[in-house]
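Trainee: Structure supplied as structure.cif; contents: mmCIF, C-alpha atoms.
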data_input
loop_
_atom_site.group_PDB
_atom_site.id
_atom_site.type_symbol
_atom_site.label_atom_id
_atom_site.label_comp_id
_atom_site.auth_asym_id
_atom_site.auth_seq_id
_atom_site.Cartn_x
_atom_site.Cartn_y
_atom_site.Cartn_z
ATOM 1 C CA MET A 26 -54.255 -116.129 60.367
ATOM 2 C CA VAL A 27 -52.262 -113.486 58.620
ATOM 3 C CA SER A 28 -51.711 -113.654 54.910
ATOM 4 C CA GLN A 29 -48.289 -114.020 53.369
ATOM 5 C CA GLU A 30 -48.470 -110.393 52.255
ATOM 6 C CA GLN A 31 -49.236 -109.206 55.786
ATOM 7 C CA ARG A 32 -46.465 -111.369 57.186
ATOM 8 C CA ARG A 33 -43.994 -109.968 54.663
ATOM 9 C CA ARG A 34 -44.940 -106.405 55.569
ATOM 10 C CA GLN A 35 -44.608 -107.197 59.258
ATOM 11 C CA LEU A 36 -41.115 -108.615 58.782
ATOM 12 C CA ALA A 37 -40.114 -105.628 56.667
ATOM 13 C CA ARG A 38 -41.358 -103.233 59.336
ATOM 14 C CA GLU A 39 -39.467 -105.089 62.075
ATOM 15 C CA LYS A 40 -36.317 -105.038 59.968
ATOM 16 C CA PHE A 41 -36.723 -101.282 59.419
ATOM 17 C CA LEU A 42 -37.145 -100.701 63.159
ATOM 18 C CA ARG A 43 -34.044 -102.752 63.937
ATOM 19 C CA GLN A 44 -32.049 -100.719 61.408
ATOM 20 C CA GLN A 45 -33.304 -97.464 62.920
ATOM 21 C CA GLN A 46 -32.336 -98.646 66.388
ATOM 22 C CA ARG A 47 -28.852 -99.615 65.183
ATOM 23 C CA ARG A 48 -28.427 -96.230 63.484
ATOM 24 C CA THR A 49 -29.613 -94.382 66.592
ATOM 25 C CA SER A 50 -27.286 -96.421 68.797
ATOM 26 C CA ALA A 51 -24.393 -95.827 66.410
ATOM 27 C CA ARG A 52 -25.011 -92.080 66.382
ATOM 28 C CA ARG A 53 -25.183 -92.041 70.194
ATOM 29 C CA LYS A 54 -21.909 -93.934 70.477
ATOM 30 C CA ALA A 55 -20.316 -91.613 67.946
ATOM 31 C CA ARG A 56 -21.388 -88.564 69.921
ATOM 32 C CA VAL A 57 -19.964 -90.016 73.135
ATOM 33 C CA ARG A 58 -16.739 -90.981 71.404
ATOM 34 C CA ASN A 59 -16.372 -87.560 69.816
ATOM 35 C CA SER A 60 -17.003 -85.767 73.093
ATOM 36 C CA VAL A 61 -14.388 -87.910 74.820
ATOM 37 C CA ILE A 62 -11.886 -87.203 72.052
ATOM 38 C CA ALA A 63 -12.647 -83.493 72.263
ATOM 39 C CA SER A 64 -12.156 -83.531 76.027
ATOM 40 C CA VAL A 65 -8.848 -85.338 75.756
ATOM 41 C CA LEU A 66 -7.654 -82.955 73.068
ATOM 42 C CA GLY A 67 -8.695 -80.004 75.218
ATOM 43 C CA VAL A 68 -6.663 -81.311 78.147
ATOM 44 C CA VAL A 69 -3.667 -81.894 75.901
ATOM 45 C CA VAL A 70 -3.878 -78.395 74.434
ATOM 46 C CA ILE A 71 -4.335 -76.716 77.805
ATOM 47 C CA GLY A 72 -1.549 -78.788 79.302
ATOM 48 C CA SER A 73 0.736 -77.936 76.428
ATOM 49 C CA VAL A 74 0.057 -74.213 76.819
ATOM 50 C CA ALA A 75 0.682 -74.420 80.538
ATOM 51 C CA LEU A 76 3.955 -76.242 80.038
ATOM 52 C CA TYR A 77 5.065 -73.751 77.405
ATOM 53 C CA THR A 78 4.320 -70.723 79.536
ATOM 54 C CA THR A 79 6.286 -72.161 82.462
ATOM 55 C CA GLY A 80 9.284 -72.680 80.246
ATOM 56 C CA VAL A 81 9.254 -76.492 80.492
ATOM 57 C CA LEU A 82 8.263 -77.198 76.877
ATOM 58 C CA LYS A 83 11.106 -75.891 74.737
ATOM 59 C CA ASN A 84 13.415 -77.225 72.062
ATOM 60 C CA GLY A 85 17.149 -77.163 71.611
ATOM 61 C CA ASP A 86 17.033 -74.239 69.176
ATOM 62 C CA ASP A 87 15.439 -72.037 71.829
ATOM 63 C CA ASP A 88 18.382 -72.694 74.130
ATOM 64 C CA LYS A 89 20.817 -71.666 71.411
ATOM 65 C CA LYS A 90 19.005 -68.500 70.341
ATOM 66 C CA THR A 91 18.169 -66.558 73.500
ATOM 67 C CA ASN A 92 17.349 -66.683 77.179
ATOM 68 C CA ALA A 93 13.868 -65.245 76.516
ATOM 69 C CA SER A 94 12.142 -68.108 78.308
ATOM 70 C CA ALA A 95 14.107 -67.310 81.451
ATOM 71 C CA ASP A 96 13.052 -63.662 81.192
ATOM 72 C CA VAL A 97 9.388 -64.609 80.939
ATOM 73 C CA THR A 98 9.532 -67.348 83.544
ATOM 74 C CA PRO A 99 12.046 -66.628 86.324
ATOM 75 C CA SER A 100 11.252 -69.991 87.944
ATOM 76 C CA ALA A 101 12.889 -71.734 84.994
ATOM 77 C CA THR A 102 16.258 -70.391 86.152
ATOM 78 C CA PRO A 103 16.534 -70.248 89.982
ATOM 79 C CA SER A 104 17.973 -66.967 91.207
ATOM 80 C CA LYS A 105 21.346 -67.165 92.943
ATOM 81 C CA LYS A 106 22.294 -65.342 96.122
ATOM 82 C CA ALA A 107 24.562 -62.392 95.437
ATOM 83 C CA PRO A 108 28.221 -62.921 96.367
ATOM 84 C CA ASP A 109 29.192 -61.801 99.867
ATOM 85 C CA PRO A 110 30.924 -58.416 99.382
ATOM 86 C CA CYS A 111 32.801 -58.677 102.678
ATOM 87 C CA ALA A 112 35.914 -60.480 103.870
ATOM 88 C CA LYS A 113 36.204 -63.239 106.444
ATOM 89 C CA PRO A 114 36.246 -62.071 110.083
ATOM 90 C CA ALA A 115 39.560 -61.728 111.859
ATOM 91 C CA ALA A 116 40.530 -64.502 114.242
ATOM 92 C CA GLY A 117 39.287 -64.031 117.771
ATOM 93 C CA SER A 118 36.268 -64.447 119.995
ATOM 94 C CA ILE A 119 33.742 -62.168 121.661
ATOM 95 C CA GLY A 120 34.524 -61.329 125.265
ATOM 96 C CA LYS A 121 31.742 -61.971 127.802
ATOM 97 C CA LEU A 122 32.042 -58.610 129.502
ATOM 98 C CA GLN A 123 29.425 -57.087 131.815
ATOM 99 C CA TRP A 124 29.335 -54.177 134.246
ATOM 100 C CA LYS A 125 26.812 -53.227 136.878
ATOM 101 C CA LYS A 126 26.870 -49.471 136.355
ATOM 102 C CA GLU A 127 27.786 -46.796 133.848
ATOM 103 C CA PRO A 128 31.527 -46.053 133.803
ATOM 104 C CA ALA A 129 32.833 -42.914 135.462
ATOM 105 C CA MET A 130 33.354 -39.917 133.210
ATOM 106 C CA THR A 131 36.946 -39.962 131.941
ATOM 107 C CA ILE A 132 36.785 -38.177 128.578
ATOM 108 C CA ASP A 133 37.556 -34.519 128.006
ATOM 109 C CA THR A 134 34.170 -33.136 127.015
ATOM 110 C CA SER A 135 35.771 -30.114 125.361
ATOM 111 C CA ALA A 136 37.951 -32.231 123.066
ATOM 112 C CA LYS A 137 37.193 -33.890 119.755
ATOM 113 C CA TYR A 138 36.915 -37.690 119.531
ATOM 114 C CA THR A 139 36.619 -40.031 116.570
ATOM 115 C CA MET A 140 35.648 -43.682 116.442
ATOM 116 C CA LYS A 141 36.758 -46.211 113.841
ATOM 117 C CA LEU A 142 34.878 -49.437 113.171
ATOM 118 C CA ALA A 143 37.287 -51.756 111.383
ATOM 119 C CA THR A 144 34.781 -54.155 109.827
ATOM 120 C CA THR A 145 34.992 -57.082 107.444
ATOM 121 C CA CYS A 146 33.379 -54.833 104.827
ATOM 122 C CA GLY A 147 35.714 -51.870 105.263
ATOM 123 C CA ASP A 148 36.517 -49.145 107.766
ATOM 124 C CA ILE A 149 33.764 -46.831 108.984
ATOM 125 C CA GLY A 150 35.014 -43.558 110.444
ATOM 126 C CA ILE A 151 32.787 -41.599 112.828
ATOM 127 C CA ALA A 152 33.179 -38.087 114.211
ATOM 128 C CA LEU A 153 31.735 -38.197 117.739
ATOM 129 C CA LYS A 154 29.544 -35.449 119.214
ATOM 130 C CA THR A 155 31.409 -35.266 122.485
ATOM 131 C CA SER A 156 29.983 -32.101 124.022
ATOM 132 C CA ALA A 157 26.406 -32.851 122.933
ATOM 133 C CA ALA A 158 26.393 -36.501 124.070
ATOM 134 C CA PRO A 159 29.122 -36.850 126.728
ATOM 135 C CA HIS A 160 27.681 -39.898 128.518
ATOM 136 C CA THR A 161 27.309 -41.777 125.248
ATOM 137 C CA VAL A 162 30.769 -40.918 123.947
ATOM 138 C CA ASN A 163 32.333 -41.729 127.334
ATOM 139 C CA SER A 164 30.601 -45.118 127.337
ATOM 140 C CA PHE A 165 31.850 -45.930 123.828
ATOM 141 C CA ASP A 166 35.366 -44.861 124.771
ATOM 142 C CA PHE A 167 35.204 -47.193 127.778
ATOM 143 C CA LEU A 168 33.690 -50.179 125.890
ATOM 144 C CA ALA A 169 36.040 -49.831 122.927
ATOM 145 C CA GLY A 170 39.018 -49.754 125.285
ATOM 146 C CA LYS A 171 37.826 -53.016 126.866
ATOM 147 C CA GLY A 172 37.438 -54.721 123.466
ATOM 148 C CA PHE A 173 33.683 -55.084 124.034
ATOM 149 C CA PHE A 174 32.753 -54.604 120.351
ATOM 150 C CA ASP A 175 35.577 -56.661 118.882
ATOM 151 C CA HIS A 176 34.425 -59.671 116.775
ATOM 152 C CA THR A 177 30.735 -58.780 117.172
ATOM 153 C CA LYS A 178 28.281 -59.023 114.278
ATOM 154 C CA CYS A 179 26.100 -56.214 113.008
ATOM 155 C CA HIS A 180 22.918 -58.200 113.422
ATOM 156 C CA ARG A 181 20.204 -56.126 111.734
ATOM 157 C CA LEU A 182 19.768 -54.386 108.389
ATOM 158 C CA THR A 183 16.616 -52.508 107.406
ATOM 159 C CA THR A 184 16.043 -51.653 103.747
ATOM 160 C CA ASN A 185 12.391 -50.634 103.786
ATOM 161 C CA GLY A 186 10.852 -47.619 105.535
ATOM 162 C CA ILE A 187 14.004 -46.828 107.483
ATOM 163 C CA TYR A 188 17.544 -47.497 106.303
ATOM 164 C CA VAL A 189 19.907 -48.520 109.066
ATOM 165 C CA LEU A 190 22.532 -51.069 110.031
ATOM 166 C CA GLN A 191 22.364 -51.997 113.711
ATOM 167 C CA CYS A 192 25.410 -53.204 115.625
ATOM 168 C CA GLY A 193 26.842 -53.388 119.154
ATOM 169 C CA ASP A 194 25.189 -56.546 120.491
ATOM 170 C CA PRO A 195 27.678 -59.191 121.663
ATOM 171 C CA THR A 196 24.998 -61.894 121.378
ATOM 172 C CA GLY A 197 24.245 -61.035 117.743
ATOM 173 C CA GLN A 198 20.523 -61.454 118.467
ATOM 174 C CA GLY A 199 19.449 -57.911 119.316
ATOM 175 C CA SER A 200 19.024 -58.531 123.039
ATOM 176 C CA GLY A 201 22.531 -58.028 124.462
ATOM 177 C CA GLY A 202 24.242 -55.123 126.192
ATOM 178 C CA PRO A 203 26.998 -54.149 128.622
ATOM 179 C CA GLY A 204 24.910 -54.665 131.771
ATOM 180 C CA TYR A 205 24.257 -50.960 132.357
ATOM 181 C CA THR A 206 22.237 -48.207 130.669
ATOM 182 C CA ILE A 207 23.028 -44.597 129.844
ATOM 183 C CA PRO A 208 20.769 -41.531 129.670
ATOM 184 C CA ASP A 209 19.279 -40.189 126.445
ATOM 185 C CA GLU A 210 21.141 -37.164 125.097
ATOM 186 C CA ASN A 211 21.093 -34.641 122.270
ATOM 187 C CA LEU A 212 17.492 -35.355 121.250
ATOM 188 C CA LYS A 213 17.086 -31.768 120.077
ATOM 189 C CA ASP A 214 20.021 -31.956 117.674
ATOM 190 C CA ALA A 215 19.519 -29.607 114.729
ATOM 191 C CA SER A 216 19.983 -32.525 112.295
ATOM 192 C CA LEU A 217 16.763 -34.215 113.497
ATOM 193 C CA LYS A 218 14.360 -31.686 112.024
ATOM 194 C CA GLY A 219 11.085 -33.085 110.684
ATOM 195 C CA ASN A 220 11.363 -36.398 112.584
ATOM 196 C CA LYS A 221 14.128 -37.544 110.285
ATOM 197 C CA TYR A 222 17.523 -39.069 110.974
ATOM 198 C CA PRO A 223 19.623 -38.043 107.973
ATOM 199 C CA ALA A 224 22.058 -40.320 106.175
ATOM 200 C CA GLY A 225 25.379 -40.426 108.005
ATOM 201 C CA THR A 226 23.889 -40.320 111.512
ATOM 202 C CA VAL A 227 25.043 -42.708 114.245
ATOM 203 C CA ALA A 228 22.501 -43.080 117.053
ATOM 204 C CA MET A 229 21.750 -45.255 120.050
ATOM 205 C CA ALA A 230 19.186 -48.039 119.967
ATOM 206 C CA ASN A 231 16.939 -48.462 122.992
ATOM 207 C CA THR A 232 13.999 -50.512 124.300
ATOM 208 C CA GLY A 233 11.433 -47.848 123.447
ATOM 209 C CA GLN A 234 11.605 -46.459 126.972
ATOM 210 C CA LYS A 235 13.568 -43.410 128.107
ATOM 211 C CA HIS A 236 17.202 -43.789 129.168
ATOM 212 C CA THR A 237 17.557 -47.429 128.142
ATOM 213 C CA GLY A 238 20.521 -47.143 125.785
ATOM 214 C CA GLY A 239 23.315 -49.654 126.333
ATOM 215 C CA SER A 240 25.820 -50.718 123.692
ATOM 216 C CA GLN A 241 23.616 -51.190 120.618
ATOM 217 C CA PHE A 242 23.716 -48.449 118.020
ATOM 218 C CA PHE A 243 22.620 -47.917 114.436
ATOM 219 C CA LEU A 244 24.236 -46.357 111.388
ATOM 220 C CA VAL A 245 21.906 -44.520 109.006
ATOM 221 C CA TYR A 246 22.873 -44.953 105.344
ATOM 222 C CA LYS A 247 19.831 -43.172 103.885
ATOM 223 C CA ASP A 248 17.474 -40.519 105.300
ATOM 224 C CA SER A 249 15.094 -42.333 107.665
ATOM 225 C CA PRO A 250 11.830 -41.098 109.220
ATOM 226 C CA LEU A 251 12.118 -41.665 112.972
ATOM 227 C CA PRO A 252 10.946 -39.767 116.044
ATOM 228 C CA PRO A 253 13.729 -37.976 117.971
ATOM 229 C CA SER A 254 13.958 -40.713 120.607
ATOM 230 C CA TYR A 255 17.395 -42.125 119.849
ATOM 231 C CA THR A 256 20.549 -40.310 120.958
ATOM 232 C CA PRO A 257 22.463 -39.049 117.902
ATOM 233 C CA PHE A 258 26.128 -39.127 118.895
ATOM 234 C CA GLY A 259 28.171 -39.231 115.699
ATOM 235 C CA THR A 260 28.486 -38.596 111.971
ATOM 236 C CA ILE A 261 29.822 -41.142 109.460
ATOM 237 C CA ASP A 262 32.561 -40.135 107.019
ATOM 238 C CA ALA A 263 32.240 -40.468 103.218
ATOM 239 C CA ALA A 264 34.263 -43.694 103.064
ATOM 240 C CA GLY A 265 32.090 -45.224 105.769
ATOM 241 C CA LEU A 266 28.901 -44.375 103.862
ATOM 242 C CA LYS A 267 30.286 -46.208 100.829
ATOM 243 C CA VAL A 268 30.865 -49.258 103.029
ATOM 244 C CA LEU A 269 27.271 -49.051 104.279
ATOM 245 C CA ASP A 270 25.951 -48.740 100.726
ATOM 246 C CA LYS A 271 27.833 -51.928 99.812
ATOM 247 C CA ILE A 272 26.321 -53.758 102.772
ATOM 248 C CA ALA A 273 22.819 -52.480 101.982
ATOM 249 C CA ALA A 274 23.134 -53.494 98.316
ATOM 250 C CA ALA A 275 23.641 -57.120 99.394
ATOM 251 C CA GLY A 276 20.231 -57.024 101.124
ATOM 252 C CA GLU A 277 18.928 -58.811 104.194
ATOM 253 C CA ASN A 278 17.954 -62.431 104.715
ATOM 254 C CA THR A 279 14.158 -62.189 105.020
ATOM 255 C CA GLY A 280 13.399 -60.393 101.775
ATOM 256 C CA ALA A 281 10.892 -58.274 103.704
ATOM 257 C CA GLY A 282 13.245 -55.384 104.386
ATOM 258 C CA ASP A 283 14.214 -56.126 107.991
ATOM 259 C CA GLY A 284 16.544 -58.937 108.974
ATOM 260 C CA ALA A 285 20.139 -60.049 109.293
ATOM 261 C CA PRO A 286 22.376 -58.625 106.556
ATOM 262 C CA ASN A 287 23.331 -61.027 103.770
ATOM 263 C CA ALA A 288 26.829 -59.568 103.909
ATOM 264 C CA THR A 289 29.095 -60.874 106.659
ATOM 265 C CA VAL A 290 29.351 -57.684 108.715
ATOM 266 C CA VAL A 291 31.647 -58.203 111.700
ATOM 267 C CA ILE A 292 33.417 -55.493 113.677
ATOM 268 C CA ASN A 293 36.968 -56.786 113.934
ATOM 269 C CA LYS A 294 38.120 -53.863 116.067
ATOM 270 C CA THR A 295 36.716 -50.621 117.475
ATOM 271 C CA THR A 296 38.929 -47.750 118.517
ATOM 272 C CA VAL A 297 38.061 -44.336 119.963
ATOM 273 C CA THR A 298 40.707 -41.665 119.559
ATOM 274 C CA LYS A 299 41.034 -38.196 121.039
ATOM 275 C CA SER A 300 42.173 -35.624 118.518
#
Rewrite the structure of this file - the entire thing - as structure tokens.
Mentor:
Amino acid sequence: MVSQEQRRRQLAREKFLRQQQRRTSARRKARVRNSVIASVLGVVVIGSVALYTTGVLKNGDDDKKTNASADVTPSATPSKKAPDPCAKPAAGSIGKLQWKKEPAMTIDTSAKYTMKLATTCGDIGIALKTSAAPHTVNSFDFLAGKGFFDHTKCHRLTTNGIYVLQCGDPTGQGSGGPGYTIPDENLKDASLKGNKYPAGTVAMANTGQKHTGGSQFFLVYKDSPLPPSYTPFGTIDAAGLKVLDKIAAAGENTGAGDGAPNATVVINKTTVTKS
């Protein structure tokens, strides 16, 4: 048997151990609770910073003072498409015209010819290089007289690497033509030095193969590095270059520098005139 003194000591020791266990358990719970609180606070702080930097977390005073949050975070204010700088197209429809062979030569190769593109964005005047590119000028004289280009869209604008507006496709997709092809001409033109088509040049588009020009052509609004593989057959006047600059400033629809122009560029009427 244990004495009363021994029993008392035993009970005191057991009580001490129970107290220690409770204290240890309490400290453990406190540590867990504190770590959870710290984690929650961390998420709240990080979330708040993220919201602030994206412009979502702001007060009414900020709106009244400045638009600084929009400057820092463009996504807070969606960008709007620039207004179309061009007018509505004239009434009319594209003629479905096709020919099996190049038209017979009818122009006077010793005379001067000009071409006017009356577009929805303004008139573009072009002095044609008749003697240097007779087949090309004769073809344009023929097609313009038949109304082939009337009401057609300029379907391609490039604003990166090369700087051209491409027109002359009745389908508006880059795959159309008059049904015939014409030979390459004037590929040694003095203006093409250094594999560059200077601003103001009008030249024929092709498939990448020789003598595959049809009706599609491009207007160069800024010096463009290109090999001399595209017949240069005209020079744009100063007013026409301003029209092209306006079209180029509106950009193209892909954002990558090569696509359909954002401006509504339609050739209402094309005329070729002998002067």
Trainee: Let me make sure I understand: among A:Thr298, A:Thr134, A:Thr279, A:Thr145, which one has the smallest atom-to-atom distance to Thr161 of chain A if we use all atoms listed in the file?
Mentor: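 Of A:Thr298, A:Thr134, A:Thr279, A:Thr145, the one nearest Thr161 of chain A, counting all atoms listed in the file, is A:Thr134.
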Trainee: Using only the atoms of segment 264-276 of chain A listed in the file, plus 5 Å on each side, state the axis-aligned box centre and edge lengths in Å rounded to one decimal, as lines of an AutoDock Vina configuration file.
Mentor:
center_x = 27.2
center_y = -50.4
center_z = 102.0
size_x = 24.0
size_y = 23.4
size_z = 17.5
Trainee: Tell me which of A:Leu182, A:Ala158, A:Leu168, A:Leu212 sits closest to Pro128 of chain A, counting all atoms listed in the file.
Mentor: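 Of A:Leu182, A:Ala158, A:Leu168, A:Leu212, the one nearest Pro128 of chain A, counting all atoms listed in the file, is A:Leu168.
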Trainee: Could you tell me how far atom CA of Gly204 of chain A sits from atom CA of Gly225 of chain A, in Å to one decimal place?
Mentor: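 Calculated distance between atom CA of Gly225 of chain A and atom CA of Gly204 of chain A is 27.7 Å.
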Trainee: Pick out the closest residue to Leu142 of chain A from this set: A:Lys178, A:Lys213, A:His160, A:His236. Count all atoms listed in the file.
Mentor: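 Closest candidate: A:Lys178.
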Trainee: Using all atoms listed in the file, pick whichever of A:Ser156, A:Thr131, A:Gln241, A:Asn287 has the shortest atom-to-atom distance to Lys271 of chain A.
Mentor: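 Looking at the shortest contact to Lys271 of chain A, the residue is A:Asn287.
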Trainee: Identify the residues within 9 Å of coordinate (30.1, -59.4, 122.3) (same frame as the file), considering all atoms listed in the file, and give the answer as a VMD selection string.
Mentor: chain A and resid 118 to 122 172 to 178 193 to 197 201 to 203
